[in-house]
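run_24.cif (mmCIF, C-alpha atoms and all ligand atoms) appears below.
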data_start
loop_
_atom_site.label_atom_id
_atom_site.label_comp_id
_atom_site.auth_asym_id
_atom_site.auth_seq_id
_atom_site.Cartn_x
_atom_site.Cartn_y
_atom_site.Cartn_z
CA MET X 958 105.44 112.60 69.38
CA HIS X 959 103.26 115.67 69.87
CA LEU X 960 100.69 115.37 72.65
CA SER X 961 97.91 116.29 70.20
CA ASP X 962 99.00 113.49 67.87
CA ILE X 963 98.83 110.99 70.75
CA LEU X 964 95.40 112.08 71.95
CA PHE X 965 93.78 112.50 68.54
CA HIS X 966 95.43 110.05 66.13
CA LEU X 967 97.89 107.52 67.56
CA GLY X 968 96.72 103.90 67.24
CA GLU X 969 93.70 104.82 65.14
CA ASP X 970 93.82 103.23 61.68
CA ARG X 971 90.57 104.56 60.27
CA SER X 972 90.96 102.79 56.92
CA LYS X 973 90.30 99.54 58.81
CA TYR X 974 86.84 100.67 59.88
CA PHE X 975 85.06 102.58 57.09
CA ASN X 976 87.10 105.75 57.85
CA ALA X 977 84.96 106.24 60.94
CA VAL X 978 86.35 109.12 62.98
CA ALA X 979 85.44 107.54 66.31
CA PRO X 980 87.01 104.10 66.73
CA PRO X 981 84.51 101.23 66.82
CA ILE X 982 83.78 99.25 69.97
CA ILE X 983 84.86 95.75 68.93
CA GLN X 984 82.46 94.02 71.28
CA SER X 985 83.65 90.50 70.50
CA SER X 986 85.19 87.94 72.82
CA ASN X 987 86.60 85.94 69.94
CA PHE X 988 88.40 86.41 66.60
CA ALA X 989 88.38 84.00 63.65
CA PHE X 990 91.42 82.61 61.81
CA ASP X 991 91.74 82.08 58.04
CA SER X 992 94.22 79.21 58.23
CA ILE X 993 96.13 77.08 60.71
CA ASP X 994 99.31 78.87 59.69
CA GLN X 995 97.79 82.20 60.59
CA PHE X 996 96.46 80.71 63.85
CA ARG X 997 99.95 79.46 64.72
CA SER X 998 101.64 82.74 63.93
CA MET X 999 99.13 84.67 66.01
CA LEU X 1000 99.71 82.36 68.97
CA GLN X 1001 103.38 83.27 68.74
CA HIS X 1002 102.52 86.96 69.15
CA GLU X 1003 99.45 86.89 71.35
CA MET X 1004 100.08 90.31 72.85
CA GLU X 1005 99.73 92.05 69.47
CA SER X 1006 97.35 89.58 67.76
CA HIS X 1007 93.60 89.27 67.87
CA ILE X 1008 92.75 85.84 69.24
CA TYR X 1009 90.62 86.34 72.33
CA THR X 1010 89.63 89.49 74.22
CA ARG X 1011 91.15 88.39 77.55
CA GLY X 1012 94.46 88.80 75.69
CA ASN X 1013 94.17 91.62 73.18
CA ASN X 1014 91.16 93.44 71.77
CA PRO X 1015 91.41 96.02 68.97
CA THR X 1016 89.60 98.76 70.91
CA VAL X 1017 91.69 98.15 74.04
CA GLU X 1018 94.80 98.12 71.84
CA ILE X 1019 94.20 101.74 70.77
CA LEU X 1020 94.06 102.72 74.43
CA ARG X 1021 97.26 100.77 75.17
CA LYS X 1022 99.13 102.63 72.43
CA LYS X 1023 97.97 106.06 73.57
CA ILE X 1024 98.82 105.49 77.23
CA SER X 1025 102.24 104.05 76.33
CA ALA X 1026 103.04 107.17 74.34
CA LEU X 1027 101.71 109.45 77.08
CA GLU X 1028 103.97 107.78 79.66
CA LYS X 1029 106.93 107.46 77.24
CA ALA X 1030 106.77 103.69 77.77
CA GLU X 1031 107.30 100.84 75.32
CA ASP X 1032 104.01 99.13 76.14
CA THR X 1033 100.98 99.24 78.46
CA LEU X 1034 98.38 96.86 79.80
CA VAL X 1035 94.93 98.07 80.82
CA PHE X 1036 93.17 96.42 83.77
CA SER X 1037 89.66 96.42 85.19
CA SER X 1038 90.70 98.75 88.04
CA GLY X 1039 93.64 100.70 89.39
CA SER X 1040 93.86 98.26 92.27
CA ALA X 1041 94.13 95.35 89.83
CA ALA X 1042 96.93 97.22 88.03
CA ILE X 1043 98.80 97.76 91.31
CA SER X 1044 98.33 94.13 92.40
CA MET X 1045 99.42 92.70 89.04
CA ALA X 1046 102.50 94.91 88.83
CA LEU X 1047 103.51 93.82 92.34
CA LEU X 1048 102.76 90.12 91.76
CA SER X 1049 104.80 90.14 88.56
CA GLN X 1050 107.99 90.91 90.48
CA ILE X 1051 107.77 88.91 93.68
CA GLN X 1052 107.74 85.38 94.98
CA SER X 1053 107.55 83.77 98.39
CA GLY X 1054 110.34 85.01 100.64
CA ASP X 1055 110.69 88.40 98.94
CA HIS X 1056 110.42 91.82 100.56
CA VAL X 1057 108.73 94.97 99.24
CA ILE X 1058 109.59 98.53 100.30
CA CYS X 1059 106.65 100.91 100.01
CA VAL X 1060 106.01 104.56 100.86
CA SER X 1061 104.34 104.99 104.24
CA SER X 1062 101.01 106.49 103.15
CA PRO X 1063 100.07 104.88 99.85
CA TYR X 1064 96.56 104.45 98.49
CA THR X 1065 94.49 102.36 100.94
CA TRP X 1066 94.35 99.18 98.89
CA THR X 1067 98.05 99.34 98.07
CA LYS X 1068 98.63 99.33 101.80
CA LEU X 1069 96.18 96.45 102.29
CA ILE X 1070 97.62 94.13 99.65
CA LEU X 1071 101.04 94.49 101.28
CA GLN X 1072 99.84 94.44 104.88
CA ASP X 1073 97.05 91.85 104.82
CA TYR X 1074 97.18 89.85 101.60
CA LEU X 1075 100.74 89.17 100.47
CA PRO X 1076 101.96 87.97 103.90
CA ARG X 1077 99.73 84.89 103.27
CA PHE X 1078 102.14 84.07 100.44
CA GLY X 1079 105.33 84.74 102.40
CA VAL X 1080 105.97 88.23 101.04
CA SER X 1081 107.05 90.79 103.65
CA HIS X 1082 107.13 94.58 103.46
CA THR X 1083 108.39 97.75 105.08
CA PHE X 1084 106.48 101.03 104.93
CA VAL X 1085 108.89 103.94 104.97
CA ASP X 1086 108.62 107.71 105.11
CA ALA X 1087 110.31 108.11 101.74
CA ARG X 1088 110.67 111.88 101.64
CA GLU X 1089 114.40 111.32 102.24
CA VAL X 1090 116.04 108.71 100.05
CA THR X 1091 118.43 107.77 102.90
CA GLU X 1092 115.39 106.48 104.81
CA ILE X 1093 114.64 104.11 101.93
CA GLU X 1094 118.23 102.94 101.77
CA ALA X 1095 118.09 102.00 105.46
CA CYS X 1096 115.19 99.60 104.74
CA ILE X 1097 116.85 97.59 101.98
CA GLN X 1098 117.32 93.93 102.85
CA ASP X 1099 119.00 91.09 100.94
CA ASN X 1100 115.55 89.82 99.87
CA SER X 1101 114.16 93.25 98.84
CA LYS X 1102 112.82 93.13 95.28
CA VAL X 1103 110.48 96.09 94.77
CA LEU X 1104 110.44 99.76 95.68
CA PHE X 1105 106.84 101.00 95.45
CA LEU X 1106 106.37 104.76 95.21
CA GLU X 1107 103.37 107.07 95.12
CA SER X 1108 104.39 110.66 94.47
CA PRO X 1109 102.48 112.66 95.45
CA ASN X 1110 99.99 110.53 97.37
CA SER X 1111 96.33 111.43 97.15
CA MET X 1112 95.52 112.68 100.66
CA THR X 1113 98.54 114.51 102.13
CA PHE X 1114 100.70 114.69 98.97
CA GLU X 1115 104.16 113.68 100.24
CA LEU X 1116 106.65 113.40 97.37
CA GLN X 1117 109.63 111.21 96.65
CA ASP X 1118 112.66 112.31 94.66
CA LEU X 1119 112.08 110.05 91.65
CA SER X 1120 115.55 110.27 90.12
CA ALA X 1121 117.26 109.59 93.45
CA CYS X 1122 114.91 106.67 94.16
CA ALA X 1123 115.53 105.15 90.72
CA LYS X 1124 119.29 105.49 91.15
CA LEU X 1125 119.26 103.88 94.58
CA ALA X 1126 117.03 101.04 93.37
CA LYS X 1127 119.32 100.31 90.42
CA GLN X 1128 122.33 100.10 92.73
CA HIS X 1129 120.52 97.47 94.80
CA GLY X 1130 118.79 95.57 91.99
CA LEU X 1131 115.26 96.63 92.95
CA ILE X 1132 112.43 97.16 90.49
CA THR X 1133 110.77 100.55 90.95
CA MET X 1134 107.05 101.14 90.46
CA ILE X 1135 105.01 104.25 91.00
CA ASP X 1136 101.35 105.06 91.35
CA ASN X 1137 101.30 108.16 89.13
CA SER X 1138 97.54 108.77 89.35
CA TYR X 1139 97.82 112.16 91.08
CA SER X 1140 99.88 113.85 88.36
CA SER X 1141 98.55 112.01 85.31
CA PRO X 1142 100.94 111.63 82.37
CA ILE X 1143 100.28 115.28 81.54
CA TYR X 1144 102.18 116.52 84.60
CA GLN X 1145 104.71 113.80 85.45
CA ASN X 1146 106.49 111.07 83.49
CA PRO X 1147 108.37 108.86 85.98
CA ILE X 1148 110.03 106.79 83.23
CA GLU X 1149 112.07 109.89 82.33
CA HIS X 1150 113.45 109.73 85.88
CA GLY X 1151 114.40 106.06 85.56
CA ILE X 1152 111.34 104.44 87.20
CA ASP X 1153 110.55 100.99 85.75
CA LEU X 1154 106.76 100.62 85.95
CA VAL X 1155 104.20 103.43 85.94
CA ILE X 1156 100.71 102.68 87.24
CA HIS X 1157 97.51 104.70 86.97
CA SER X 1158 94.09 104.42 88.40
CA GLY X 1159 92.58 105.28 85.02
CA THR X 1160 89.31 105.73 86.88
CA LYS X 1161 90.63 109.17 87.78
CA TYR X 1162 92.08 111.52 85.14
CA LEU X 1163 92.63 109.15 82.20
CA ASN X 1164 88.94 108.36 81.77
CA GLY X 1165 87.97 111.53 83.59
CA HIS X 1166 84.17 111.36 83.57
CA SER X 1167 83.37 109.24 86.64
CA ASP X 1168 81.85 106.47 84.54
CA VAL X 1169 84.62 103.85 84.17
CA VAL X 1170 86.78 101.94 86.66
CA MET X 1171 90.12 100.99 85.10
CA GLY X 1172 93.87 100.81 85.70
CA THR X 1173 97.05 100.83 83.63
CA VAL X 1174 100.63 99.57 83.92
CA SER X 1175 103.26 100.94 81.53
CA GLY X 1176 106.93 100.16 81.14
CA LYS X 1177 109.58 98.40 79.09
CA LYS X 1178 108.43 95.69 76.68
CA GLU X 1179 110.17 92.94 78.70
CA HIS X 1180 108.34 93.90 81.91
CA ILE X 1181 104.96 94.30 80.24
CA GLU X 1182 105.33 91.01 78.35
CA ARG X 1183 106.08 89.25 81.60
CA ILE X 1184 102.90 90.64 83.18
CA PHE X 1185 100.88 89.80 80.05
CA HIS X 1186 101.84 86.12 79.98
CA ALA X 1187 101.41 85.63 83.72
CA GLU X 1188 99.13 87.93 85.74
CA TYR X 1189 97.19 89.48 82.86
CA MET X 1190 96.22 86.24 81.10
CA THR X 1191 95.85 84.03 84.19
CA LEU X 1192 94.08 86.38 86.59
CA GLY X 1193 92.11 87.97 83.76
CA ALA X 1194 91.29 91.38 85.26
CA ILE X 1195 90.76 93.04 81.88
CA ILE X 1196 88.84 96.14 80.80
CA SER X 1197 85.83 95.66 78.52
CA PRO X 1198 85.97 97.03 74.94
CA ASN X 1199 83.05 99.30 75.82
CA ASP X 1200 84.90 100.85 78.77
CA ALA X 1201 88.06 101.15 76.65
CA ALA X 1202 86.09 103.18 74.08
CA LEU X 1203 84.83 105.48 76.84
CA ALA X 1204 88.40 105.93 78.05
CA ILE X 1205 89.61 106.76 74.52
CA ARG X 1206 86.90 109.42 74.38
CA GLY X 1207 87.98 110.66 77.82
CA LEU X 1208 91.56 111.03 76.59
CA ARG X 1209 90.52 113.51 73.87
CA THR X 1210 90.16 116.15 76.58
CA LEU X 1211 92.87 114.95 78.99
CA GLU X 1212 95.15 117.94 78.40
CA LEU X 1213 92.28 120.47 78.59
CA ARG X 1214 90.81 118.94 81.73
CA LEU X 1215 94.13 118.84 83.55
CA GLN X 1216 94.91 122.45 82.64
CA ARG X 1217 91.52 123.62 83.85
CA SER X 1218 91.68 121.66 87.11
CA HIS X 1219 95.28 122.70 87.77
CA GLU X 1220 94.58 126.40 87.28
CA SER X 1221 91.31 126.39 89.21
CA ALA X 1222 92.70 124.35 92.11
CA LEU X 1223 95.79 126.52 92.46
CA LYS X 1224 93.69 129.69 92.43
CA ILE X 1225 91.34 128.30 95.10
CA ALA X 1226 94.21 126.89 97.18
CA GLU X 1227 95.96 130.29 97.18
CA GLN X 1228 92.78 131.99 98.41
CA LEU X 1229 92.16 129.41 101.14
CA ASP X 1230 95.80 129.67 102.25
CA GLN X 1231 95.05 133.29 103.30
CA HIS X 1232 91.79 132.46 105.08
CA PRO X 1233 91.75 132.80 108.91
CA LYS X 1234 89.60 129.67 109.33
CA VAL X 1235 91.99 127.51 107.34
CA LYS X 1236 95.02 126.39 109.35
CA GLN X 1237 96.98 124.89 106.47
CA VAL X 1238 96.62 124.11 102.79
CA LEU X 1239 98.41 121.03 101.45
CA HIS X 1240 99.08 121.60 97.75
CA PRO X 1241 102.44 120.69 96.14
CA PHE X 1242 102.46 123.83 93.97
CA LEU X 1243 101.96 126.30 96.83
CA PRO X 1244 105.23 127.90 98.03
CA SER X 1245 104.22 127.01 101.61
CA PHE X 1246 104.30 123.27 100.78
CA PRO X 1247 107.34 121.65 102.47
CA GLN X 1248 108.43 119.86 99.27
CA HIS X 1249 107.52 122.67 96.88
CA ALA X 1250 110.98 122.82 95.28
CA LEU X 1251 110.97 119.08 94.55
CA ALA X 1252 107.46 119.35 93.10
CA LEU X 1253 108.60 122.07 90.70
CA ARG X 1254 111.61 119.96 89.73
CA GLN X 1255 109.80 116.80 88.74
CA MET X 1256 106.19 117.83 88.02
CA ARG X 1257 104.81 120.16 85.36
CA GLY X 1258 101.56 120.78 87.23
CA ALA X 1259 99.39 119.46 90.03
CA GLY X 1260 95.87 118.86 88.73
CA GLY X 1261 92.80 119.42 90.88
CA LEU X 1262 93.45 117.56 94.13
CA PHE X 1263 94.53 119.16 97.40
CA SER X 1264 93.63 119.17 101.10
CA ILE X 1265 93.01 121.77 103.80
CA HIS X 1266 93.23 121.68 107.58
CA LEU X 1267 90.32 123.59 109.08
CA ASP X 1268 91.12 125.72 112.12
CA ILE X 1269 88.61 123.98 114.39
CA GLU X 1270 88.39 122.28 117.76
CA ARG X 1271 85.47 119.88 117.31
CA ILE X 1272 84.57 117.27 114.70
CA GLU X 1273 81.05 118.77 114.46
CA GLN X 1274 82.60 121.89 112.92
CA ALA X 1275 84.11 119.82 110.11
CA GLU X 1276 80.70 118.23 109.61
CA ALA X 1277 79.02 121.65 109.50
CA PHE X 1278 81.52 122.90 106.90
CA VAL X 1279 80.95 119.96 104.59
CA HIS X 1280 77.17 120.05 104.99
CA ALA X 1281 77.13 123.77 104.15
CA LEU X 1282 78.79 123.21 100.75
CA LYS X 1283 76.36 123.47 97.86
CA HIS X 1284 78.54 122.95 94.79
CA PHE X 1285 80.77 120.11 96.00
CA THR X 1286 79.56 116.53 95.98
CA MET X 1287 80.63 114.48 99.00
CA ALA X 1288 82.22 111.32 97.62
CA VAL X 1289 85.37 109.21 97.40
CA SER X 1290 87.40 109.12 94.18
CA TRP X 1291 88.37 112.17 92.11
CA GLY X 1292 89.64 113.05 88.62
CA GLY X 1293 86.22 113.37 86.99
CA HIS X 1294 84.37 116.42 85.69
CA GLU X 1295 82.76 117.27 89.04
CA SER X 1296 84.16 118.88 92.18
CA LEU X 1297 84.21 116.68 95.27
CA VAL X 1298 84.78 116.92 98.98
CA LEU X 1299 86.14 114.08 101.14
CA PRO X 1300 86.09 114.86 104.88
CA THR X 1301 88.40 112.81 107.12
CA ALA X 1302 85.63 113.19 109.72
CA ALA X 1303 83.67 110.52 107.80
CA PHE X 1304 86.36 108.02 108.80
CA TYR X 1305 85.72 108.65 112.52
CA LYS X 1306 83.04 107.19 114.77
CA ILE X 1307 82.42 104.10 112.58
CA LYS X 1308 81.27 101.17 114.74
CA GLY X 1309 83.84 98.38 114.85
CA ARG X 1310 86.55 100.45 113.16
CA ASP X 1311 89.44 102.51 114.46
CA ASN X 1312 89.30 106.22 113.75
CA SER X 1313 91.38 107.41 110.79
CA PRO X 1314 95.02 108.09 111.74
CA LEU X 1315 94.57 111.45 109.99
CA PRO X 1316 93.10 114.34 112.03
CA PHE X 1317 89.42 115.22 111.51
CA THR X 1318 90.49 118.75 110.64
CA LEU X 1319 91.67 117.44 107.27
CA VAL X 1320 89.31 117.87 104.31
CA ARG X 1321 90.27 116.83 100.79
CA LEU X 1322 88.95 118.87 97.89
CA TYR X 1323 88.90 117.86 94.25
CA ILE X 1324 88.43 120.77 91.88
CA GLY X 1325 86.72 119.68 88.68
CA LEU X 1326 85.77 121.62 85.59
CA GLU X 1327 83.26 124.12 86.99
CA ASP X 1328 83.86 127.89 87.21
CA PRO X 1329 86.54 128.33 89.92
CA ASP X 1330 84.99 131.56 91.24
CA TRP X 1331 81.63 129.82 91.69
CA LEU X 1332 83.40 127.04 93.65
CA LEU X 1333 85.45 129.47 95.75
CA GLU X 1334 82.36 131.45 96.72
CA ASP X 1335 80.79 128.21 97.93
CA LEU X 1336 83.85 127.31 100.03
CA LEU X 1337 83.98 130.79 101.58
CA GLN X 1338 80.33 130.74 102.62
CA ALA X 1339 80.73 127.24 104.10
CA LEU X 1340 83.76 128.35 106.16
CA GLU X 1341 81.54 131.04 107.71
CA LYS X 1342 78.96 128.43 108.70
CA MET X 1343 81.22 125.99 110.55
CA GLY X 1344 81.15 127.92 113.78
C1 LIG F 1401 91.59 105.46 93.14
C2 LIG F 1401 93.03 105.20 93.32
C3 LIG F 1401 93.57 103.93 93.15
C4 LIG F 1401 92.73 102.71 92.87
O1 LIG F 1401 92.14 102.75 91.64
P1 LIG F 1401 90.75 102.01 91.33
O2 LIG F 1401 90.58 102.29 89.88
O3 LIG F 1401 89.72 102.62 92.21
O4 LIG F 1401 90.94 100.56 91.63
C5 LIG F 1401 94.94 103.79 93.27
N1 LIG F 1401 95.73 104.83 93.56
C6 LIG F 1401 95.24 106.06 93.74
C7 LIG F 1401 96.17 107.18 94.05
C8 LIG F 1401 93.88 106.30 93.63
O5 LIG F 1401 93.40 107.52 93.84
#
Before we go any further, please render this structure as structure tokens.
Amino acid sequence: MHLSDILFHLGEDRSKYFNAVAPPIIQSSNFAFDSIDQFRSMLQHEMESHIYTRGNNPTVEILRKKISALEKAEDTLVFSSGSAAISMALLSQIQSGDHVICVSSPYTWTKLILQDYLPRFGVSHTFVDAREVTEIEACIQDNSKVLFLESPNSMTFELQDLSACAKLAKQHGLITMIDNSYSSPIYQNPIEHGIDLVIHSGTKYLNGHSDVVMGTVSGKKEHIERIFHAEYMTLGAIISPNDAALAIRGLRTLELRLQRSHESALKIAEQLDQHPKVKQVLHPFLPSFPQHALALRQMRGAGGLFSIHLDIERIEQAEAFVHALKHFTMAVSWGGHESLVLPTAAFYKIKGRDNSPLPFTLVRLYIGLEDPDWLLEDLLQALEKMG
């Protein structure tokens, strides 16, 4: 199906709602039945029927269809956050005594559910530097069930070879899942490489306007049905119809936003790569990136997120750089309309907490939809002010 068809028409049956061009927000918890027979038949197909909004809601259903098509998946569930999506996907595949293999620098809360939470239920894990598939193979145990990938990750952007990982996992009977938030479905479709479950923090590019927290899990019907009847219905971390409508609106410009961010970020990254006060730029689409060839092989673009290492000696210089920026908002998250800066220095000198394992020279930039030259000018003047 054509991308434009997915973003502008798929799942939208306008004849059902007065031919309204924008789909309605069906803000109802409950749906009425005409007869017991109809009630019974709907209960048999709860995932597609309209019974109760914790199961399926017509507005959310439109979003499910679009994201499935974007990720070339058979079905999708939408959750109240990306972290919920990650947790539910993991929980759906494990039980007490099982082992999970996960990339070594995943998103913080992916790390925490494996490290701090699941051990309470007898689930063990190994974090592995998964840039080489042989390293993953060395971690496989008899009780390994899941291989959890994040390629690229969202701070230092290490990649995994998706096809090789999927092949290895199949040989050993592991389910593969990937956090695909960095690339969005516009720039990477892991299912085409044989990955089983594709997860997004929809808070980032899918919604794209910094006003909704949501997550998605896409995959084969059998996997998604299993999550629906267990984790989705019992734990109940659903998205509201109102947020789903915002996300549908966000998707209208998904392709445009990604193109703009990709082009602007690459242009800015190339300029910073030449700058004497920047020691290194970490961006998968720069030729200097160690896994550049792999990035070109499995991704169609990189979006707006990359990091730089400042050429500095003291943490105060990183602080001065960030404080001198005028057009970047200092914040966590990314994938919205606005450009952001996330200094690793903020994760140092916090009372009662260890310093970040990442060096304070590292600064993450998210390039949003503003004029790239206007942003670059701001970065260049801030580099002059860091001393
Ligand atoms: C933000 C983020 C998440 C978590 O998503 P939430 O919607 O904030 O729960 C997961 N993975 C990555 C890569 C993220 O950037």
Just the residues within 8 Å of Glu1276 (chain X), please, counting all atoms listed in the file, with nothing from its chain fewer than 4 positions along; format it as a PDB file with C-alpha atoms, in the coordinates of the input.
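That gives us around.pdb:
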ATOM      1  CA  ILE X1272      84.570 117.270 114.700  1.00  0.00           C
ATOM      2  CA  HIS X1280      77.170 120.050 104.990  1.00  0.00           C
ATOM      3  CA  PRO X1300      86.090 114.860 104.880  1.00  0.00           C
ATOM      4  CA  ALA X1302      85.630 113.190 109.720  1.00  0.00           C
ATOM      5  CA  MET X1343      81.220 125.990 110.550  1.00  0.00           C
TER       6      MET X1343
END
### Expected answer as a PyMOL selection string: residues within 7 Å of ligand LIG 1401 (chain F), all atoms listed in the file
chain X and resi 1038-1041+1064+1110-1111+1136+1138-1139+1157-1161+1170-1172+1290
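Residues in contact with Val1289 (chain X) at 8 Å, where all atoms listed in the file are counted and same-chain residues fewer than 2 positions away are skipped, are listed as Met1287, Trp1291, Leu1297, Val1298 and Leu1299 of chain X.
You will find CA of Ala1259 (chain X) at 24.7 Å from CA of Lys1283 (chain X).
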### Message
For a quick check of your reading of the model, name the residues lying within 12 Å of the coordinate (91.2, 115.6, 80.6), counting all atoms listed in the file, and write them as an NGL selection string.
### Response
:X and (964 or 1140-1144 or 1159-1167 or 1204-1219 or 1260-1261 or 1292-1294 or 1325-1326)
### Between CA of Phe1084 (chain X) and CA of Ile1058 (chain X) - distance in Å to one decimal
6.1 Å
### Query
Which one of X:Ala1277, X:Leu967, X:Ile1324, X:Ile1093 sits closest to Lys1342 (chain X) if you count only C-alpha atoms?
X:Ala1277
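As for CA of Ala1095 (chain X) and CA of Asp1073 (chain X), they are spaced 23.4 Å apart.
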Hey, could you patch up region 1275-1293 of chain X with N, CA and C atoms and hand it over as an mmCIF file, in the frame of the given file?
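And here is the file that came out, out.cif:
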data_model
loop_
_atom_site.group_PDB
_atom_site.id
_atom_site.type_symbol
_atom_site.label_atom_id
_atom_site.label_comp_id
_atom_site.auth_asym_id
_atom_site.auth_seq_id
_atom_site.Cartn_x
_atom_site.Cartn_y
_atom_site.Cartn_z
ATOM 1 N N ALA X 1275 83.759 120.363 111.436
ATOM 2 C CA ALA X 1275 84.110 119.820 110.110
ATOM 3 C C ALA X 1275 82.846 119.345 109.401
ATOM 4 N N GLU X 1276 81.969 118.714 110.182
ATOM 5 C CA GLU X 1276 80.700 118.230 109.610
ATOM 6 C C GLU X 1276 79.854 119.397 109.106
ATOM 7 N N ALA X 1277 79.820 120.477 109.893
ATOM 8 C CA ALA X 1277 79.020 121.650 109.500
ATOM 9 C C ALA X 1277 79.576 122.279 108.221
ATOM 10 N N PHE X 1278 80.895 122.335 108.109
ATOM 11 C CA PHE X 1278 81.520 122.900 106.900
ATOM 12 C C PHE X 1278 81.095 122.107 105.669
ATOM 13 N N VAL X 1279 81.237 120.804 105.753
ATOM 14 C CA VAL X 1279 80.950 119.960 104.590
ATOM 15 C C VAL X 1279 79.460 120.014 104.235
ATOM 16 N N HIS X 1280 78.610 120.014 105.266
ATOM 17 C CA HIS X 1280 77.170 120.050 104.990
ATOM 18 C C HIS X 1280 76.724 121.393 104.420
ATOM 19 N N ALA X 1281 77.502 122.445 104.668
ATOM 20 C CA ALA X 1281 77.130 123.770 104.150
ATOM 21 C C ALA X 1281 77.518 123.952 102.676
ATOM 22 N N LEU X 1282 78.376 123.077 102.160
ATOM 23 C CA LEU X 1282 78.790 123.210 100.750
ATOM 24 C C LEU X 1282 77.633 122.868 99.816
ATOM 25 N N LYS X 1283 77.471 123.695 98.786
ATOM 26 C CA LYS X 1283 76.360 123.470 97.860
ATOM 27 C C LYS X 1283 76.835 122.946 96.501
ATOM 28 N N HIS X 1284 78.068 123.294 96.144
ATOM 29 C CA HIS X 1284 78.540 122.950 94.790
ATOM 30 C C HIS X 1284 79.540 121.813 94.762
ATOM 31 N N PHE X 1285 79.850 121.248 95.922
ATOM 32 C CA PHE X 1285 80.770 120.110 96.000
ATOM 33 C C PHE X 1285 79.984 118.864 96.379
ATOM 34 N N THR X 1286 80.195 117.805 95.661
ATOM 35 C CA THR X 1286 79.560 116.530 95.980
ATOM 36 C C THR X 1286 80.440 115.783 96.975
ATOM 37 N N MET X 1287 79.843 115.259 98.047
ATOM 38 C CA MET X 1287 80.630 114.480 99.000
ATOM 39 C C MET X 1287 80.759 113.058 98.470
ATOM 40 N N ALA X 1288 81.990 112.640 98.219
ATOM 41 C CA ALA X 1288 82.220 111.320 97.620
ATOM 42 C C ALA X 1288 83.691 110.954 97.713
ATOM 43 N N VAL X 1289 83.983 109.640 97.583
ATOM 44 C CA VAL X 1289 85.370 109.210 97.400
ATOM 45 C C VAL X 1289 85.721 109.439 95.927
ATOM 46 N N SER X 1290 86.904 108.984 95.556
ATOM 47 C CA SER X 1290 87.400 109.120 94.180
ATOM 48 C C SER X 1290 87.619 110.586 93.821
ATOM 49 N N TRP X 1291 88.016 110.836 92.588
ATOM 50 C CA TRP X 1291 88.370 112.170 92.110
ATOM 51 C C TRP X 1291 88.786 112.011 90.652
ATOM 52 N N GLY X 1292 89.119 113.131 89.993
ATOM 53 C CA GLY X 1292 89.640 113.050 88.620
ATOM 54 C C GLY X 1292 88.559 113.112 87.561
ATOM 55 N N GLY X 1293 87.304 113.258 87.954
ATOM 56 C CA GLY X 1293 86.220 113.370 86.990
ATOM 57 C C GLY X 1293 85.922 114.825 86.661
#
